[in-house]
Amino acid sequence: MTPPIFRSVESLRDTVRAWKSAGQTVGVVPTMGALHEGHLSLARRARTECDRVITTIFVNPKQFNNPEDLKKYPRTEEADAALLATVPVDAIFAPPVDEVYPEGFGTNVSVSGVSEPLEGKMRPGHFDGVATVVTKLFGMTLADRGYFGQKDWQQLQVVLKLVRDLNLPVQIVGCETIRDPDGLAMSSRNVRLTPEGRAKAPVLYAALSAATAEIRAGLPDRMAIREAAEQIRAAGFDRVEYIELRDAATLIPSDDPTRPRRMLAAAWLDGVRLIDNIPV
Ligand SMILES: Nc1ncnc2c1ncn2[C@@H]1O[C@H](COP(=O)(O)OP(=O)(O)OP(=O)(O)O)[C@@H](O)[C@H]1O
Ligand SMILES: CC(C)(CO)[C@@H](O)C(=O)[O-]
Ligand code: BAL
C-alpha cells in the first residue's frame with residue numbers, strides 16, 4: 001500500500017503528534033525525490049531504528065545556485081511513492097514550495113566554516129539553502145532522528161554542525177554511500193548521463209580509490225591527487241572541479257595522516273556534475 005502523502009505541515013503534525021503521544025520515535029529521511037537504492041537504504045536504516053519513518057520529498061529551490069539545474073531536476077513522485085511502499089515508510093511529506101516558503105518568509109540559516117570550501121565555494125548559497133530547509137524540515141516533522149548519506153559528505157558535516165550549534169533535539173545518522181556494481185555512487189542526476197558518459201563515470205570512484213591506496217602506501221598526497229585528476233580527465237571527463245584531501249569533520253586542508261581524512265571530488269561529464277568522496 002502506498003504510504004499517505006502529506007502536503008501541509010498542519011496535517012502532518014496532527015499525525016506525528018498522535019505517534020509521539022503514544023511514545024513512538026520518529027525518523028526522518030530528507031530527499032529531493034527521484035529515489036534510488038541510496039535513498040531507500042537510508043529509509044531502511046531508519047525503519048530498523050525508529051518506530052515511525054517519514055520521507056520528505058522537496059526539491060528545495062533555495063539550495064539551487066543554477067536555475068537550469070533546478071528546472072532539469074528529475075521529478076518522479078508516483079514512482080517514489082511506490083518505492084517507499086516497499087520499505088515501508090509510514091508517511092511521505094511532499095509540500096508545495098509555498099508551504100515551505102510562504103509569502104513573507106525571511107529567515108536564513110547559515111553555518112560558517114565547514115560549509116565554505118568545496119561545494120560551498122562552487123555552489124554559492126547552496127549550503128544556506130540546505131541548512132535552512134533541513135532546520136525547517138526537522139521542525140515540521142518533529143524528527144527525533146535524521147538520516148543523511150555520506151555521498152554528500154560535506155552536507156552531512158554541515159548538518160552535524162547545525163544541529164550541534166542550534167541544540168536541535170535531533171540525532172543525525174550518517175549512512176554509507178550506495179554504489180552501482182561498477183562503483184559509481186548512485187545519484188538522481190546520473191539519469192542525465194548519456195550511455196557513453198555512464199560508461200566513463202565509474203572512473204571518478206576508481207581514481208579516488210587508487211589515490212587513497214597510493215597515499216596509504218606512502219606516495220605524497222599531492223602526487224596521488226595529481227594522478228587521480230589526470231586519470232579522470234584521460235577517461236573523457238570534461239572538467240575536474242576539485243579533488244581535495246581534507247580533515248573529515250572540519251573540511252580544512254589536512255596533511256596529517258594521524259587524523260581522519262576524506263578525499264572529495266567533483267567533476268563534470270556530459271554536462272552533469274558528479275561528486276564522490278571516500279575515507280583516506
Ligand atoms: N548513493 C547514495 N548512497 C547513500 N545515500 C545517498 C546516495 N545518494 C543520495 N544519498 C542521500 O540521500 C539524501 C537525499 O539526497 P538527494 O535527494 O539529493 O539525492 P541524490 O541522488 O544525492 O541527488 P543529487 O543528484 O541531487 O545528488 C541525502 O542525504 C544524500 O546524501
Ligand atoms: C538534504 C536535502 C534533502 C535538503 O534539501 C538535500 O540537500 C539532499 O537531497 O541531499
Ligand atoms: N544531494 C545534495 C543536494 C543537491 O545536490 O542539491
# chains A, B, ... in the order shown; residues from 1 in each chain; ligands from 1
$ residues_near_ligand --ligand "ligand 1" --cutoff "9 Å" --atoms "only C-alpha atoms and all ligand atoms" --output "PDB file with C-alpha atoms, in the first residue's frame"
ATOM      1  CA  VAL A  29      14.817  10.911   5.672  1.00  0.00           C
ATOM      2  CA  PRO A  30      15.057  14.214   3.785  1.00  0.00           C
ATOM      3  CA  THR A  31      15.253  13.851  -0.021  1.00  0.00           C
ATOM      4  CA  MET A  32      14.601  15.753  -3.200  1.00  0.00           C
ATOM      5  CA  GLY A  33      12.850  12.752  -4.769  1.00  0.00           C
ATOM      6  CA  ALA A  34      13.793  10.749  -7.894  1.00  0.00           C
ATOM      7  CA  LEU A  35      14.519   7.996  -5.444  1.00  0.00           C
ATOM      8  CA  HIS A  36      17.045   5.204  -5.920  1.00  0.00           C
ATOM      9  CA  GLU A  37      18.641   2.489  -3.771  1.00  0.00           C
ATOM     10  CA  GLY A  38      20.779   5.104  -1.974  1.00  0.00           C
ATOM     11  CA  HIS A  39      17.693   6.841  -0.604  1.00  0.00           C
ATOM     12  CA  LEU A  40      15.985   3.539   0.136  1.00  0.00           C
ATOM     13  CA  SER A  41      18.983   2.365   2.178  1.00  0.00           C
ATOM     14  CA  LEU A  42      18.536   5.446   4.393  1.00  0.00           C
ATOM     15  CA  ILE A  57      10.358  14.888  -0.887  1.00  0.00           C
ATOM     16  CA  PHE A  58      11.009  18.530  -1.611  1.00  0.00           C
ATOM     17  CA  VAL A  59      13.072  19.993  -4.444  1.00  0.00           C
ATOM     18  CA  TYR A  73      15.885  18.212 -11.653  1.00  0.00           C
ATOM     19  CA  PRO A  74      14.017  14.883 -12.126  1.00  0.00           C
ATOM     20  CA  TYR A 147      19.206  10.188   8.145  1.00  0.00           C
ATOM     21  CA  PHE A 148      21.740  11.548   5.642  1.00  0.00           C
ATOM     22  CA  GLY A 149      24.013   9.893   3.072  1.00  0.00           C
ATOM     23  CA  GLN A 150      27.801  10.045   3.178  1.00  0.00           C
ATOM     24  CA  LYS A 151      27.710  10.558  -0.595  1.00  0.00           C
ATOM     25  CA  ASP A 152      27.073  14.212   0.268  1.00  0.00           C
ATOM     26  CA  TRP A 153      29.852  14.179   2.881  1.00  0.00           C
ATOM     27  CA  GLN A 155      26.397  18.283   3.589  1.00  0.00           C
ATOM     28  CA  LEU A 156      26.484  15.689   6.380  1.00  0.00           C
ATOM     29  CA  GLY A 174      25.285   9.283   8.537  1.00  0.00           C
ATOM     30  CA  CYS A 175      24.770   6.323   6.176  1.00  0.00           C
ATOM     31  CA  GLU A 176      27.202   4.642   3.811  1.00  0.00           C
ATOM     32  CA  THR A 177      27.291   5.522   0.110  1.00  0.00           C
ATOM     33  CA  ILE A 178      25.431   3.012  -2.043  1.00  0.00           C
ATOM     34  CA  ARG A 179      27.099   2.328  -5.399  1.00  0.00           C
ATOM     35  CA  ASP A 180      26.227   0.652  -8.663  1.00  0.00           C
ATOM     36  CA  LEU A 184      29.524   4.758  -9.456  1.00  0.00           C
ATOM     37  CA  ALA A 185      27.822   6.396  -6.459  1.00  0.00           C
ATOM     38  CA  MET A 186      24.077   6.352  -7.018  1.00  0.00           C
ATOM     39  CA  SER A 187      22.655   9.820  -7.612  1.00  0.00           C
ATOM     40  CA  SER A 188      19.426  11.198  -9.020  1.00  0.00           C
ATOM     41  CA  ARG A 189      21.452  13.187 -11.540  1.00  0.00           C
ATOM     42  CA  ASN A 190      23.029  10.015 -13.035  1.00  0.00           C
ATOM     43  CA  VAL A 191      19.943   9.547 -15.237  1.00  0.00           C
ATOM     44  CA  ARG A 273      28.202  17.399 -12.248  1.00  0.00           C
ATOM     45  CA  LEU A 274      29.204  14.263 -10.320  1.00  0.00           C
ATOM     46  CA  ILE A 275      30.527  14.252  -6.751  1.00  0.00           C
TER      47      ILE A 275
END
$ residues_around --residues "Ile278 in chain A" --least-positions-apart "3" --cutoff "7 Å" --atoms "only C-alpha atoms" --output "list in words"
Arg262, Met263 and Leu264 of chain A
$ write_last_selection --atoms "N, CA and C atoms" --output "PDB file, in the first residue's frame"
ATOM      1  N   ARG A 262      39.430  12.755   4.518  1.00  0.00           N
ATOM      2  CA  ARG A 262      38.492  12.365   3.467  1.00  0.00           C
ATOM      3  C   ARG A 262      38.989  12.940   2.154  1.00  0.00           C
ATOM      4  N   MET A 263      38.929  12.155   1.105  1.00  0.00           N
ATOM      5  CA  MET A 263      39.230  12.697  -0.221  1.00  0.00           C
ATOM      6  C   MET A 263      37.903  12.952  -0.927  1.00  0.00           C
ATOM      7  N   LEU A 264      37.740  14.188  -1.399  1.00  0.00           N
ATOM      8  CA  LEU A 264      36.452  14.583  -2.004  1.00  0.00           C
ATOM      9  C   LEU A 264      36.701  15.125  -3.404  1.00  0.00           C
TER      10      LEU A 264
END
$ closest_residue --among "A:Cys50, A:Val240, A:Leu160, A:Met122" --to "Val89 in chain A" --atoms "only C-alpha atoms"
A:Cys50
$ select_by_dssp --residues "range 40-216 of chain A" --states "strand (DSSP E)" --output "PyMOL selection string"
chain A and resi 52-57+91-93+145-149+171-175
$ atom_distance --atom1 "CA of Ser8 in chain A" --atom2 "CA of Val158 in chain A"
26.7 Å
